[in-house]
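Asks: Please read through the structure below; I'll follow up with questions.
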Amino acid sequence: MTLEQLRIFLAVAELMHFTRAAETLYITQPAVSAAIQTLEAEYGVKLFHRIGRHIEITDAGKLLQLEAQKILDQVSLTERGLRELNNLQRGELKLGSSLTIGNYWLPDKISHFKRQYPGIHIDCTLGNAEEICEGTATGLFDFGLVTGEVKASLKNSLEQEVVGSDRLQIVVGTSHPWFKRTEISPTELHSTNWVMREPGSGAQQMFEQALQDWGIDPGKLDVVLNLSSSEMVKAVVESGVGAAAIPELMVKKEIQLSTLHAVHVVDRSSGKKLEIVQPVWKLKHRQRFQTRIANAFEQILAQYLRL
């Protein structure tokens with residue numbers, strides 16, 4: 001049974017005439033007769049009674065007429081959906097993002113995309129960088145947006161592109177001895193307690209890499225807490241527990257309100273400010289098919305990168 005046979009059958013059933021059905025469909029009358037005969041032979045039923053020069057639909061024909069119309073209606077809806085999908089009128093974009101990027105860096109990009117393509121549904125999952133890399137590699141996300149290093153075992157599967165940057169600020173609360181200071185030396189990092197993100201987070205990877213670049217062993221710091229989100233880290237430090245390296249986007253308001261204070265690490269010999277800056281990576285699978293929706297989102301990210 002083919003869609004063309006069903007279309008021919010429905011035309012005959014509606015007009016109750018083979019020749020008129022052929023004229024409506026712009027095909028020959030023998031082609032119409034052949035399609036009906038093929039259906040009848042295939043299923044061992046009669047779809048029409050031939051009475052003289054007239055035809056009447058049989059019970060089998062009435063059943064097929066009802067079901068065939070449902071099938072063709074569904075095909076029409078599917079074709080319409082595919083056209084709308086191709087024209088960016090509907091569809092879904094699946095994003096995975098590390099927590100800080102998802103909460104602070106990504107929202108305005110998503111808003112821009114939704115204004116341009118209001119019919120597209122965006123599903124955004126937040127997790128630590130390691131979880132997002134894994135999810136992108138397994139096809140859970142169209143794109144992953146993270147900071148930090150991608151595990152070596154995933155680099156063959158994932159394509160990386162810089163779409164922004166993320167800066168960490170070392171911050172302390174009002175009761176901390178560093179609150180009145182603007183600068184510290186790298187060696188002074190050993191003189192305080194630290195609140196850290198859990199292993200696998202982009203912020204933690206950034207901070208540990210910076211420490212190593214400065215000649216500091218991360219394992220030698222006095223870490224009193226490891227927490228699963230930067231928001232928790234910020235709240236604990238704000239309440240007076242130790243120091244933390246927190247994404248700049250997260251602490252702008254607190255620094256303005258003076259509930260947190262940012263201190264800069266400075267190399268005393270050169271006077272150079274040591275900053276902790278790392279790119280925001282867009283990850284996508286190297287081999288999976290990329291939809292027009294995904295292409296459109298990439299264009300939005302590229303626009304922001306040029307600003």
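Chain labels A, B, ... are given in the sequence in which chains occur in the structure tokens; within each chain residues are numbered consecutively from 1, and ligands are likewise numbered from 1 in the order shown.
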Write out as a ChimeraX atom specification all residues of segment 132-203 of chain A that DSSP puts in strand (DSSP E) for this structure's backbone.

Replies: /A:143-146,158-173,183-184,193-197

Asks: Select from segment 145-241 of chain A every residue with an atom at most 10 Å from any atom of segment 293-302 of chain A, then for each give the shortest pair of atoms and their distance in Å to one decimal, using only C-alpha atoms, rows by chain and rising number, as a tab-separated table.

Replies:
residue	atom	partner	partner_atom	distance
A:Val162	CA	A:Ala302	CA	9.6
A:Val163	CA	A:Leu301	CA	6.4
A:Gly164	CA	A:Leu301	CA	8.6

Asks: Please dump the current selection as a PDB file, in the first residue's frame; keep all heavy atoms.

Replies:
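To be explicit, this is the file written out as result.pdb:
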ATOM      1  N   VAL A 162      36.284  28.809  20.898  1.00  0.00           N
ATOM      2  CA  VAL A 162      36.156  29.871  21.894  1.00  0.00           C
ATOM      3  C   VAL A 162      34.997  30.789  21.519  1.00  0.00           C
ATOM      4  O   VAL A 162      34.937  31.299  20.400  1.00  0.00           O
ATOM      5  CB  VAL A 162      37.459  30.692  21.984  1.00  0.00           C
ATOM      6  CG1 VAL A 162      37.286  31.859  22.955  1.00  0.00           C
ATOM      7  CG2 VAL A 162      38.618  29.808  22.423  1.00  0.00           C
ATOM      8  N   VAL A 163      34.064  31.005  22.481  1.00  0.00           N
ATOM      9  CA  VAL A 163      32.931  31.901  22.218  1.00  0.00           C
ATOM     10  C   VAL A 163      32.829  33.009  23.263  1.00  0.00           C
ATOM     11  O   VAL A 163      31.886  33.800  23.249  1.00  0.00           O
ATOM     12  CB  VAL A 163      31.604  31.107  22.167  1.00  0.00           C
ATOM     13  CG1 VAL A 163      31.533  30.232  20.927  1.00  0.00           C
ATOM     14  CG2 VAL A 163      31.396  30.266  23.426  1.00  0.00           C
ATOM     15  N   GLY A 164      33.792  33.079  24.164  1.00  0.00           N
ATOM     16  CA  GLY A 164      33.780  34.118  25.195  1.00  0.00           C
ATOM     17  C   GLY A 164      34.925  33.884  26.159  1.00  0.00           C
ATOM     18  O   GLY A 164      35.815  33.076  25.899  1.00  0.00           O
TER      19      GLY A 164
END

Asks: For Ser157 of chain A, which residue out of A:Thr136, A:Gln205, A:Ser229, A:Gln169 is the nearest one, using only C-alpha atoms?

Replies: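 Closest candidate: A:Thr136.
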
Asks: Name all residues at most 12 Å from Tyr117 of chain A (count only C-alpha atoms; drop same-chain ones fewer than 2 positions away) and give them as an mmCIF file with all heavy atoms, in the first residue's frame.

Replies:
data_model
loop_
_atom_site.group_PDB
_atom_site.id
_atom_site.type_symbol
_atom_site.label_atom_id
_atom_site.label_comp_id
_atom_site.auth_asym_id
_atom_site.auth_seq_id
_atom_site.Cartn_x
_atom_site.Cartn_y
_atom_site.Cartn_z
ATOM 1 N N GLU A 84 8.478 23.512 8.540
ATOM 2 C CA GLU A 84 8.638 24.517 9.589
ATOM 3 C C GLU A 84 9.971 24.348 10.303
ATOM 4 O O GLU A 84 10.619 25.328 10.674
ATOM 5 C CB GLU A 84 7.484 24.410 10.591
ATOM 6 C CG GLU A 84 6.151 24.871 10.014
ATOM 7 C CD GLU A 84 5.009 24.711 10.997
ATOM 8 O OE1 GLU A 84 5.208 24.049 12.033
ATOM 9 O OE2 GLU A 84 3.920 25.235 10.723
ATOM 10 N N LEU A 85 10.367 23.091 10.488
ATOM 11 C CA LEU A 85 11.652 22.823 11.116
ATOM 12 C C LEU A 85 12.780 23.387 10.269
ATOM 13 O O LEU A 85 13.701 24.032 10.777
ATOM 14 C CB LEU A 85 11.823 21.313 11.289
ATOM 15 C CG LEU A 85 12.983 20.832 12.155
ATOM 16 C CD1 LEU A 85 12.764 21.236 13.612
ATOM 17 C CD2 LEU A 85 13.131 19.327 12.050
ATOM 18 N N ASN A 87 12.578 25.788 8.236
ATOM 19 C CA ASN A 87 12.469 27.251 8.173
ATOM 20 C C ASN A 87 12.624 27.908 9.547
ATOM 21 O O ASN A 87 12.333 29.086 9.706
ATOM 22 C CB ASN A 87 11.111 27.650 7.577
ATOM 23 C CG ASN A 87 11.017 27.271 6.112
ATOM 24 O OD1 ASN A 87 12.013 27.274 5.408
ATOM 25 N ND2 ASN A 87 9.827 26.925 5.651
ATOM 26 N N LEU A 88 13.060 27.114 10.560
ATOM 27 C CA LEU A 88 13.305 27.615 11.910
ATOM 28 C C LEU A 88 12.042 28.167 12.561
ATOM 29 O O LEU A 88 12.106 29.100 13.373
ATOM 30 C CB LEU A 88 14.412 28.681 11.904
ATOM 31 C CG LEU A 88 15.762 28.225 11.374
ATOM 32 C CD1 LEU A 88 16.737 29.388 11.319
ATOM 33 C CD2 LEU A 88 16.334 27.109 12.222
ATOM 34 N N GLN A 89 10.891 27.596 12.211
ATOM 35 C CA GLN A 89 9.639 28.012 12.834
ATOM 36 C C GLN A 89 9.290 27.142 14.034
ATOM 37 O O GLN A 89 8.472 27.516 14.866
ATOM 38 C CB GLN A 89 8.496 27.957 11.816
ATOM 39 C CG GLN A 89 8.645 28.960 10.683
ATOM 40 C CD GLN A 89 7.574 28.775 9.621
ATOM 41 O OE1 GLN A 89 7.452 27.717 9.003
ATOM 42 N NE2 GLN A 89 6.782 29.802 9.425
ATOM 43 N N ARG A 90 9.896 25.979 14.112
ATOM 44 C CA ARG A 90 9.669 25.091 15.244
ATOM 45 C C ARG A 90 10.887 24.186 15.400
ATOM 46 O O ARG A 90 11.762 24.157 14.543
ATOM 47 C CB ARG A 90 8.408 24.245 15.033
ATOM 48 C CG ARG A 90 8.510 23.300 13.854
ATOM 49 C CD ARG A 90 7.203 22.590 13.560
ATOM 50 N NE ARG A 90 6.835 21.664 14.624
ATOM 51 C CZ ARG A 90 5.755 20.887 14.571
ATOM 52 N NH1 ARG A 90 4.940 20.959 13.549
ATOM 53 N NH2 ARG A 90 5.491 20.065 15.545
ATOM 54 N N GLY A 91 10.928 23.437 16.501
ATOM 55 C CA GLY A 91 12.040 22.539 16.738
ATOM 56 C C GLY A 91 12.601 22.730 18.133
ATOM 57 O O GLY A 91 12.058 23.490 18.953
ATOM 58 N N GLU A 92 13.695 22.049 18.423
ATOM 59 C CA GLU A 92 14.283 22.075 19.761
ATOM 60 C C GLU A 92 15.795 22.203 19.677
ATOM 61 O O GLU A 92 16.437 21.606 18.814
ATOM 62 C CB GLU A 92 13.925 20.793 20.520
ATOM 63 C CG GLU A 92 14.437 20.763 21.948
ATOM 64 C CD GLU A 92 14.053 19.489 22.683
ATOM 65 O OE1 GLU A 92 14.024 18.417 22.038
ATOM 66 O OE2 GLU A 92 13.772 19.561 23.891
ATOM 67 N N LEU A 93 16.348 23.002 20.588
ATOM 68 C CA LEU A 93 17.790 23.144 20.738
ATOM 69 C C LEU A 93 18.155 22.647 22.129
ATOM 70 O O LEU A 93 17.622 23.133 23.131
ATOM 71 C CB LEU A 93 18.201 24.612 20.571
ATOM 72 C CG LEU A 93 19.686 24.931 20.738
ATOM 73 C CD1 LEU A 93 20.497 24.323 19.594
ATOM 74 C CD2 LEU A 93 19.914 26.439 20.797
ATOM 75 N N ILE A 110 20.613 33.279 25.027
ATOM 76 C CA ILE A 110 19.367 32.524 24.819
ATOM 77 C C ILE A 110 18.218 33.488 24.535
ATOM 78 O O ILE A 110 17.384 33.241 23.654
ATOM 79 C CB ILE A 110 19.065 31.641 26.044
ATOM 80 C CG1 ILE A 110 20.056 30.469 26.110
ATOM 81 C CG2 ILE A 110 17.635 31.113 25.997
ATOM 82 C CD1 ILE A 110 19.871 29.564 27.310
ATOM 83 N N SER A 111 18.148 34.579 25.274
ATOM 84 C CA SER A 111 17.075 35.570 25.058
ATOM 85 C C SER A 111 17.130 36.138 23.649
ATOM 86 O O SER A 111 16.095 36.300 22.984
ATOM 87 C CB SER A 111 17.182 36.696 26.090
ATOM 88 O OG SER A 111 16.990 36.200 27.390
ATOM 89 N N HIS A 112 18.324 36.458 23.179
ATOM 90 C CA HIS A 112 18.512 36.966 21.818
ATOM 91 C C HIS A 112 18.007 35.942 20.806
ATOM 92 O O HIS A 112 17.282 36.283 19.858
ATOM 93 C CB HIS A 112 19.999 37.272 21.604
ATOM 94 C CG HIS A 112 20.311 37.918 20.295
ATOM 95 N ND1 HIS A 112 21.485 38.567 20.049
ATOM 96 C CD2 HIS A 112 19.601 38.020 19.126
ATOM 97 C CE1 HIS A 112 21.484 39.039 18.812
ATOM 98 N NE2 HIS A 112 20.362 38.697 18.236
ATOM 99 N N PHE A 113 18.381 34.691 21.006
ATOM 100 C CA PHE A 113 17.957 33.628 20.084
ATOM 101 C C PHE A 113 16.436 33.481 20.083
ATOM 102 O O PHE A 113 15.812 33.352 19.015
ATOM 103 C CB PHE A 113 18.619 32.313 20.499
ATOM 104 C CG PHE A 113 18.318 31.160 19.580
ATOM 105 C CD1 PHE A 113 19.057 30.958 18.427
ATOM 106 C CD2 PHE A 113 17.281 30.276 19.867
ATOM 107 C CE1 PHE A 113 18.777 29.894 17.575
ATOM 108 C CE2 PHE A 113 16.999 29.218 19.022
ATOM 109 C CZ PHE A 113 17.747 29.028 17.869
ATOM 110 N N LYS A 114 15.812 33.518 21.277
ATOM 111 C CA LYS A 114 14.353 33.351 21.369
ATOM 112 C C LYS A 114 13.608 34.521 20.723
ATOM 113 O O LYS A 114 12.534 34.330 20.141
ATOM 114 C CB LYS A 114 13.936 33.206 22.832
ATOM 115 C CG LYS A 114 14.212 31.848 23.422
ATOM 116 C CD LYS A 114 13.355 30.750 22.796
ATOM 117 C CE LYS A 114 11.903 30.842 23.194
ATOM 118 N NZ LYS A 114 11.106 29.742 22.612
ATOM 119 N N ARG A 115 14.160 35.712 20.827
ATOM 120 C CA ARG A 115 13.522 36.854 20.157
ATOM 121 C C ARG A 115 13.535 36.671 18.644
ATOM 122 O O ARG A 115 12.581 37.049 17.956
ATOM 123 C CB ARG A 115 14.228 38.159 20.533
ATOM 124 C CG ARG A 115 13.966 38.635 21.942
ATOM 125 C CD ARG A 115 14.387 40.086 22.130
ATOM 126 N NE ARG A 115 15.816 40.271 21.938
ATOM 127 C CZ ARG A 115 16.723 40.147 22.892
ATOM 128 N NH1 ARG A 115 16.351 39.834 24.115
ATOM 129 N NH2 ARG A 115 18.002 40.342 22.637
ATOM 130 N N GLY A 119 9.601 30.293 17.936
ATOM 131 C CA GLY A 119 8.985 28.966 17.890
ATOM 132 C C GLY A 119 9.907 27.840 18.308
ATOM 133 O O GLY A 119 9.470 26.688 18.460
ATOM 134 N N ILE A 120 11.190 28.127 18.511
ATOM 135 C CA ILE A 120 12.155 27.092 18.865
ATOM 136 C C ILE A 120 12.177 26.909 20.379
ATOM 137 O O ILE A 120 12.331 27.868 21.131
ATOM 138 C CB ILE A 120 13.573 27.455 18.379
ATOM 139 C CG1 ILE A 120 13.583 27.722 16.865
ATOM 140 C CG2 ILE A 120 14.554 26.330 18.732
ATOM 141 C CD1 ILE A 120 13.143 26.559 16.025
ATOM 142 N N HIS A 121 12.017 25.671 20.830
ATOM 143 C CA HIS A 121 12.090 25.352 22.257
ATOM 144 C C HIS A 121 13.548 25.094 22.629
ATOM 145 O O HIS A 121 14.251 24.351 21.943
ATOM 146 C CB HIS A 121 11.256 24.106 22.565
ATOM 147 C CG HIS A 121 11.414 23.616 23.971
ATOM 148 N ND1 HIS A 121 10.899 24.287 25.053
ATOM 149 C CD2 HIS A 121 12.056 22.514 24.470
ATOM 150 C CE1 HIS A 121 11.208 23.625 26.153
ATOM 151 N NE2 HIS A 121 11.906 22.545 25.825
ATOM 152 N N ILE A 122 13.999 25.712 23.721
ATOM 153 C CA ILE A 122 15.371 25.515 24.186
ATOM 154 C C ILE A 122 15.351 24.745 25.495
ATOM 155 O O ILE A 122 14.696 25.153 26.467
ATOM 156 C CB ILE A 122 16.102 26.855 24.376
ATOM 157 C CG1 ILE A 122 16.215 27.593 23.040
ATOM 158 C CG2 ILE A 122 17.498 26.626 24.960
ATOM 159 C CD1 ILE A 122 16.898 28.942 23.129
ATOM 160 N N ARG A 292 19.724 23.098 11.187
ATOM 161 C CA ARG A 292 19.722 24.537 10.915
ATOM 162 C C ARG A 292 19.520 25.330 12.203
ATOM 163 O O ARG A 292 19.995 26.459 12.331
ATOM 164 C CB ARG A 292 18.611 24.888 9.918
ATOM 165 C CG ARG A 292 18.898 24.425 8.494
ATOM 166 C CD ARG A 292 17.923 25.051 7.515
ATOM 167 N NE ARG A 292 18.123 26.494 7.449
ATOM 168 C CZ ARG A 292 17.252 27.340 6.898
ATOM 169 N NH1 ARG A 292 16.111 26.890 6.386
ATOM 170 N NH2 ARG A 292 17.489 28.632 6.859
ATOM 171 N N ILE A 293 18.801 24.734 13.158
ATOM 172 C CA ILE A 293 18.607 25.391 14.456
ATOM 173 C C ILE A 293 19.954 25.571 15.145
ATOM 174 O O ILE A 293 20.264 26.641 15.674
ATOM 175 C CB ILE A 293 17.650 24.564 15.338
ATOM 176 C CG1 ILE A 293 16.247 24.532 14.714
ATOM 177 C CG2 ILE A 293 17.584 25.119 16.756
ATOM 178 C CD1 ILE A 293 15.302 23.553 15.385
ATOM 179 N N ALA A 294 20.753 24.512 15.144
ATOM 180 C CA ALA A 294 22.080 24.585 15.760
ATOM 181 C C ALA A 294 22.949 25.615 15.048
ATOM 182 O O ALA A 294 23.672 26.396 15.683
ATOM 183 C CB ALA A 294 22.741 23.212 15.737
ATOM 184 N N ALA A 296 21.926 28.262 13.513
ATOM 185 C CA ALA A 296 21.435 29.598 13.862
ATOM 186 C C ALA A 296 21.939 30.023 15.240
ATOM 187 O O ALA A 296 22.292 31.188 15.448
ATOM 188 C CB ALA A 296 19.907 29.613 13.828
ATOM 189 N N PHE A 297 21.985 29.079 16.185
ATOM 190 C CA PHE A 297 22.487 29.417 17.521
ATOM 191 C C PHE A 297 23.972 29.760 17.469
ATOM 192 O O PHE A 297 24.422 30.682 18.158
ATOM 193 C CB PHE A 297 22.231 28.262 18.488
ATOM 194 C CG PHE A 297 22.596 28.592 19.909
ATOM 195 C CD1 PHE A 297 21.844 29.489 20.645
ATOM 196 C CD2 PHE A 297 23.707 28.012 20.515
ATOM 197 C CE1 PHE A 297 22.180 29.812 21.952
ATOM 198 C CE2 PHE A 297 24.055 28.328 21.810
ATOM 199 C CZ PHE A 297 23.289 29.224 22.543
ATOM 200 N N ILE A 300 24.387 33.321 16.540
ATOM 201 C CA ILE A 300 24.132 34.239 17.662
ATOM 202 C C ILE A 300 25.385 34.360 18.532
ATOM 203 O O ILE A 300 25.801 35.460 18.909
ATOM 204 C CB ILE A 300 22.947 33.745 18.512
ATOM 205 C CG1 ILE A 300 21.643 33.732 17.699
ATOM 206 C CG2 ILE A 300 22.795 34.576 19.785
ATOM 207 C CD1 ILE A 300 21.132 35.079 17.296
#

Asks: Using DSSP secondary structure from the backbone, list all helix (DSSP H, G or I) positions within segment 214-268 of chain A, as a list in words.

Replies: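 Matching residues, listed in order: Pro218, Gly219, Lys220, Ser230, Glu231, Met232, Val233, Lys234, Ala235, Val236, Val237, Glu238, Glu248, Leu249, Met250, Val251, Lys252, Lys253, Glu254, Ile255 and Gln256 of chain A.
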
Asks: Work out how far apart atom CA of Phe48 of chain A and atom CA of Ser76 of chain A are and give it in Å to one decimal.

Replies: 26.1 Å

Asks: If we count only C-alpha atoms, what is near segment 141-146 of chain A at a cut-off of 7 Å, once residues fewer than 2 positions away on the same chain are taken out, given as a list in words?

Replies: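 Here the answer would be Leu93, Lys94, Leu95, Gly96, Ser97, Ser98, Ile101, Ala129, Ile132, Cys133, Gly135, Thr136, Gly139, Gly148, Gly202, Val280, Trp281, Lys282, Leu283, Lys284 and Ala294 of chain A.
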
Asks: May I have the residues within 12 Å of Glu4 of chain A as an mmCIF file with N, CA, C and O atoms, in the first residue's frame, using only C-alpha atoms and disregarding those fewer than 4 positions away in the same chain?

Replies:
data_model
loop_
_atom_site.group_PDB
_atom_site.id
_atom_site.type_symbol
_atom_site.label_atom_id
_atom_site.label_comp_id
_atom_site.auth_asym_id
_atom_site.auth_seq_id
_atom_site.Cartn_x
_atom_site.Cartn_y
_atom_site.Cartn_z
ATOM 1 N N ILE A 8 -5.295 8.080 -4.693
ATOM 2 C CA ILE A 8 -6.174 7.707 -5.812
ATOM 3 C C ILE A 8 -7.473 7.115 -5.295
ATOM 4 O O ILE A 8 -8.576 7.481 -5.745
ATOM 5 N N PHE A 9 -7.376 6.211 -4.333
ATOM 6 C CA PHE A 9 -8.580 5.597 -3.766
ATOM 7 C C PHE A 9 -9.510 6.658 -3.185
ATOM 8 O O PHE A 9 -10.732 6.634 -3.404
ATOM 9 N N LEU A 10 -8.965 7.612 -2.405
ATOM 10 C CA LEU A 10 -9.811 8.637 -1.789
ATOM 11 C C LEU A 10 -10.488 9.519 -2.831
ATOM 12 O O LEU A 10 -11.643 9.940 -2.648
ATOM 13 N N ALA A 11 -9.790 9.801 -3.919
ATOM 14 C CA ALA A 11 -10.407 10.601 -4.982
ATOM 15 C C ALA A 11 -11.586 9.871 -5.596
ATOM 16 O O ALA A 11 -12.649 10.454 -5.858
ATOM 17 N N LEU A 25 -6.844 14.218 -10.559
ATOM 18 C CA LEU A 25 -5.461 13.912 -10.177
ATOM 19 C C LEU A 25 -4.468 14.116 -11.325
ATOM 20 O O LEU A 25 -3.268 13.919 -11.133
ATOM 21 N N ILE A 27 -4.060 12.255 -13.982
ATOM 22 C CA ILE A 27 -3.486 10.983 -14.424
ATOM 23 C C ILE A 27 -4.509 10.306 -15.330
ATOM 24 O O ILE A 27 -5.643 10.773 -15.484
ATOM 25 N N ALA A 31 -4.704 4.247 -15.116
ATOM 26 C CA ALA A 31 -3.841 4.297 -13.941
ATOM 27 C C ALA A 31 -4.670 4.263 -12.654
ATOM 28 O O ALA A 31 -4.291 3.628 -11.667
ATOM 29 N N VAL A 32 -5.821 4.927 -12.675
ATOM 30 C CA VAL A 32 -6.721 4.895 -11.518
ATOM 31 C C VAL A 32 -7.251 3.478 -11.313
ATOM 32 O O VAL A 32 -7.234 2.928 -10.210
ATOM 33 N N ALA A 34 -5.970 0.689 -12.267
ATOM 34 C CA ALA A 34 -4.887 -0.208 -11.868
ATOM 35 C C ALA A 34 -4.580 -0.071 -10.382
ATOM 36 O O ALA A 34 -4.331 -1.070 -9.694
ATOM 37 N N ALA A 35 -4.594 1.158 -9.860
ATOM 38 C CA ALA A 35 -4.307 1.384 -8.441
ATOM 39 C C ALA A 35 -5.365 0.720 -7.565
ATOM 40 O O ALA A 35 -5.037 0.071 -6.561
ATOM 41 N N ILE A 36 -6.651 0.860 -7.953
ATOM 42 C CA ILE A 36 -7.732 0.251 -7.168
ATOM 43 C C ILE A 36 -7.648 -1.269 -7.246
ATOM 44 O O ILE A 36 -7.778 -1.975 -6.232
ATOM 45 N N THR A 38 -5.016 -3.104 -7.735
ATOM 46 C CA THR A 38 -3.853 -3.559 -6.966
ATOM 47 C C THR A 38 -4.189 -3.636 -5.476
ATOM 48 O O THR A 38 -3.840 -4.605 -4.794
ATOM 49 N N LEU A 39 -4.884 -2.640 -4.966
ATOM 50 C CA LEU A 39 -5.291 -2.659 -3.559
ATOM 51 C C LEU A 39 -6.240 -3.822 -3.282
ATOM 52 O O LEU A 39 -6.091 -4.531 -2.269
ATOM 53 N N ALA A 68 -7.588 5.797 5.544
ATOM 54 C CA ALA A 68 -6.697 6.437 4.572
ATOM 55 C C ALA A 68 -6.673 7.949 4.778
ATOM 56 O O ALA A 68 -5.619 8.588 4.655
ATOM 57 N N ILE A 71 -4.428 8.698 7.646
ATOM 58 C CA ILE A 71 -3.016 8.536 7.269
ATOM 59 C C ILE A 71 -2.531 9.747 6.479
ATOM 60 O O ILE A 71 -1.470 10.314 6.759
ATOM 61 N N LEU A 72 -3.311 10.164 5.501
ATOM 62 C CA LEU A 72 -2.883 11.286 4.661
ATOM 63 C C LEU A 72 -2.885 12.607 5.432
ATOM 64 O O LEU A 72 -2.046 13.479 5.192
ATOM 65 N N VAL A 75 0.324 12.508 7.345
ATOM 66 C CA VAL A 75 1.442 12.775 6.432
ATOM 67 C C VAL A 75 1.544 14.269 6.148
ATOM 68 O O VAL A 75 2.628 14.850 6.137
#

Asks: Sorted by chain and rising residue number, which residues of segment 133-194 of chain A lie within 9 Å of segment 243-263 of chain A, and what are their closest atom pairs and distances in Å to one decimal, counting only C-alpha atoms, as CSV?

Replies:
residue,atom,partner,partner_atom,distance
A:Asp166,CA,A:Pro247,CA,6.7
A:Arg167,CA,A:Glu248,CA,5.6
A:Leu168,CA,A:Pro247,CA,4.3
A:Gln169,CA,A:Ala245,CA,5.3
A:Ile170,CA,A:Ala245,CA,4.3
A:Val171,CA,A:Ala262,CA,4.4
A:Val172,CA,A:Ala243,CA,4.9
A:Gly173,CA,A:Leu260,CA,4.8
A:Thr174,CA,A:Thr259,CA,6.2
A:His176,CA,A:Ala243,CA,8.1
A:Trp178,CA,A:Val263,CA,7.4
A:Phe179,CA,A:His261,CA,5.8
A:Lys180,CA,A:His261,CA,8.1
A:Arg181,CA,A:Val263,CA,6.7
A:Thr182,CA,A:Val263,CA,4.9
A:Glu183,CA,A:Val263,CA,5.4
A:Ile184,CA,A:Val263,CA,6.9
A:Thr192,CA,A:Ala243,CA,7.0
A:Asn193,CA,A:Ala243,CA,6.3
A:Trp194,CA,A:Ala243,CA,4.9

Asks: Between A:Leu64, A:Leu221, A:Val195, A:Met16, which one has atoms that come closest to Arg50 of chain A, using only C-alpha atoms?

Replies: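 For Arg50 of chain A, the nearest of the candidates is A:Met16.
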
Asks: Do you have the atom CA of Val236 of chain A-atom CA of Glu275 of chain A distance handy?

Replies: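 Atom CA of Val236 of chain A sits 23.0 Å away from atom CA of Glu275 of chain A.
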
Asks: Could you give me, as a VMD selection string, the residues within 12 Å of Glu208 of chain A, counting only C-alpha atoms and dropping anything in the same chain fewer than 2 positions from it?

Replies: chain A and resid 148 to 149 168 196 to 206 210 to 221 244 to 245 276

Asks: Just N, CA and C atoms for this one: save the residues we selected as a compact mmCIF listing (two decimals), in the first residue's frame.

Replies:
# COMPACT_ATOMS: atom_id res chain seq x y z
N GLY A 148 37.39 25.42 31.41
CA GLY A 148 38.20 24.32 31.89
C GLY A 148 38.64 23.39 30.77
N GLU A 149 39.37 22.38 31.14
CA GLU A 149 39.93 21.44 30.19
C GLU A 149 38.95 20.33 29.85
N LEU A 168 38.19 34.69 36.91
CA LEU A 168 37.98 34.42 38.32
C LEU A 168 38.52 35.58 39.16
N MET A 196 36.35 25.88 48.18
CA MET A 196 36.54 25.50 46.79
C MET A 196 35.30 24.83 46.21
N ARG A 197 35.20 24.88 44.88
CA ARG A 197 34.25 24.04 44.16
C ARG A 197 34.74 22.61 44.15
N GLU A 198 33.85 21.69 43.79
CA GLU A 198 34.21 20.28 43.75
C GLU A 198 35.11 19.99 42.57
N PRO A 199 35.95 18.92 42.66
CA PRO A 199 36.75 18.53 41.49
C PRO A 199 35.85 18.26 40.28
N GLY A 200 36.29 18.69 39.10
CA GLY A 200 35.50 18.50 37.89
C GLY A 200 34.79 19.76 37.44
N SER A 201 34.70 20.77 38.32
CA SER A 201 34.06 22.03 37.91
C SER A 201 35.06 22.88 37.12
N GLY A 202 34.53 23.68 36.21
CA GLY A 202 35.39 24.54 35.40
C GLY A 202 36.15 25.55 36.25
N ALA A 203 35.46 26.13 37.26
CA ALA A 203 36.11 27.13 38.12
C ALA A 203 37.27 26.51 38.89
N GLN A 204 37.07 25.30 39.39
CA GLN A 204 38.14 24.64 40.14
C GLN A 204 39.34 24.34 39.24
N GLN A 205 39.06 23.87 38.03
CA GLN A 205 40.15 23.60 37.09
C GLN A 205 40.93 24.87 36.76
N MET A 206 40.19 25.98 36.55
CA MET A 206 40.84 27.25 36.25
C MET A 206 41.77 27.68 37.37
N ALA A 210 45.90 28.04 37.38
CA ALA A 210 46.54 29.33 37.66
C ALA A 210 47.57 29.18 38.79
N LEU A 211 47.20 28.44 39.83
CA LEU A 211 48.13 28.23 40.94
C LEU A 211 49.41 27.56 40.46
N GLN A 212 49.26 26.55 39.63
CA GLN A 212 50.43 25.85 39.10
C GLN A 212 51.30 26.79 38.26
N ASP A 213 50.63 27.65 37.47
CA ASP A 213 51.38 28.61 36.65
C ASP A 213 52.18 29.58 37.53
N TRP A 214 51.66 29.87 38.73
CA TRP A 214 52.32 30.80 39.65
C TRP A 214 53.34 30.09 40.54
N GLY A 215 53.50 28.79 40.34
CA GLY A 215 54.45 28.04 41.16
C GLY A 215 53.90 27.61 42.49
N ILE A 216 52.57 27.57 42.63
CA ILE A 216 51.91 27.18 43.88
C ILE A 216 51.31 25.79 43.71
N ASP A 217 51.57 24.90 44.66
CA ASP A 217 50.98 23.57 44.63
C ASP A 217 49.57 23.65 45.21
N PRO A 218 48.51 23.39 44.41
CA PRO A 218 47.13 23.48 44.92
C PRO A 218 46.90 22.59 46.14
N GLY A 219 47.61 21.48 46.19
CA GLY A 219 47.44 20.57 47.31
C GLY A 219 47.94 21.11 48.63
N LYS A 220 48.72 22.19 48.58
CA LYS A 220 49.29 22.77 49.81
C LYS A 220 48.38 23.84 50.43
N LEU A 221 47.32 24.24 49.72
CA LEU A 221 46.40 25.23 50.28
C LEU A 221 45.53 24.58 51.37
N ALA A 244 37.96 32.61 48.39
CA ALA A 244 37.57 31.75 47.27
C ALA A 244 37.87 32.45 45.97
N ALA A 245 38.06 31.64 44.93
CA ALA A 245 38.20 32.17 43.56
C ALA A 245 36.87 31.93 42.86
N ILE A 276 43.39 35.41 36.36
CA ILE A 276 42.89 34.05 36.10
C ILE A 276 41.78 34.17 35.06

Asks: Just to confirm, what's the straight-line distance from atom CA of Val265 of chain A to atom CA of Trp105 of chain A in Å (one decimal)?

Replies: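 If I compute the distance from atom CA of Val265 of chain A to atom CA of Trp105 of chain A, I get 24.4 Å.
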